[in-house]
Amino acid sequence: MEALGYILETQEIELPSGDATSDQQDAYDQWSIDDTKVRYYMFASLSNELQKQHENIKSSREILKNLRKLYGENSRIARYEISKELFRARMQEGTEVAAHV
């Protein structure tokens, strides 16, 4: 899988035109095969609901971009901080429960 990491880190290779060299066509073909493998790995790790949301997206980079938008690092940290504050919250002694509900 590490050898396929370049798929998510590099720009997508465009479909070569009719006058492309065989090296350009081979590079595109290999990139396309590797991108498909990465998509399969990604789908294998997604829930059924997320798979359905992303089944029409053709590029693994686009899937990753959308997942980062949905579940990005900032939202994860924010959820953690909010949860931490919630679990550490305590009523002060002598206050009524109704004030906290």
# chains A, B, ... in the order shown; residues from 1 in each chain; ligands from 1
$ select_by_dssp --residues "range 10-71 of chain A" --states "alpha helix (DSSP H)" --output "PyMOL selection string"
chain A and resi 22-45+48-54+60-71
$ residues_around --residues "range 28-31 of chain A" --least-positions-apart "6" --cutoff "12 Å" --atoms "only C-alpha atoms" --output "PDB file with C-alpha atoms, in the first residue's frame"
ATOM      1  CA  ALA A   3       3.897   2.197  -2.944  1.00  0.00           C
ATOM      2  CA  LEU A   4       0.445   3.533  -3.859  1.00  0.00           C
ATOM      3  CA  GLY A   5       0.715   6.570  -1.587  1.00  0.00           C
ATOM      4  CA  TYR A   6       1.833   8.722  -4.492  1.00  0.00           C
ATOM      5  CA  ILE A   7      -1.717   8.573  -5.859  1.00  0.00           C
ATOM      6  CA  LEU A   8      -3.002  10.749  -3.012  1.00  0.00           C
ATOM      7  CA  THR A  10       0.431  13.861  -6.716  1.00  0.00           C
ATOM      8  CA  GLN A  11      -1.728  15.577  -9.284  1.00  0.00           C
ATOM      9  CA  GLU A  12      -4.063  13.380 -11.274  1.00  0.00           C
ATOM     10  CA  ILE A  13      -2.680  12.393 -14.674  1.00  0.00           C
ATOM     11  CA  GLU A  14      -4.900  13.539 -17.524  1.00  0.00           C
ATOM     12  CA  LEU A  15      -6.079  11.123 -20.194  1.00  0.00           C
ATOM     13  CA  PRO A  16      -3.476  11.317 -22.975  1.00  0.00           C
ATOM     14  CA  SER A  17      -4.556  12.618 -26.359  1.00  0.00           C
ATOM     15  CA  ALA A  20       0.544  10.787 -26.976  1.00  0.00           C
ATOM     16  CA  THR A  21       3.717   8.744 -26.795  1.00  0.00           C
ATOM     17  CA  SER A  22       3.624   5.184 -25.547  1.00  0.00           C
ATOM     18  CA  LYS A  37      -6.503  -0.001  -6.162  1.00  0.00           C
ATOM     19  CA  VAL A  38      -6.451   2.958  -3.755  1.00  0.00           C
ATOM     20  CA  SER A  59     -10.825   9.642  -8.246  1.00  0.00           C
ATOM     21  CA  SER A  60      -9.403   8.556  -4.893  1.00  0.00           C
TER      22      SER A  60
END
$ atom_distance --atom1 "CA of Arg61 in chain A" --atom2 "CA of Asp23 in chain A"
23.3 Å
$ atom_distance --atom1 "CA of Tyr71 in chain A" --atom2 "CA of Asn48 in chain A"
16.2 Å
$ closest_residue --among "A:Ser47, A:Tyr40, A:Thr95, A:Glu9" --to "Lys65 in chain A" --atoms "only C-alpha atoms"
A:Glu9
$ closest_residue --among "A:Lys58, A:Gly18, A:Leu64, A:Gln51" --to "Ser32 in chain A" --atoms "only C-alpha atoms"
A:Lys58
$ closest_residue --among "A:Ala78, A:Leu50, A:Leu86, A:Ala99" --to "Asn66 in chain A" --atoms "only C-alpha atoms"
A:Leu50
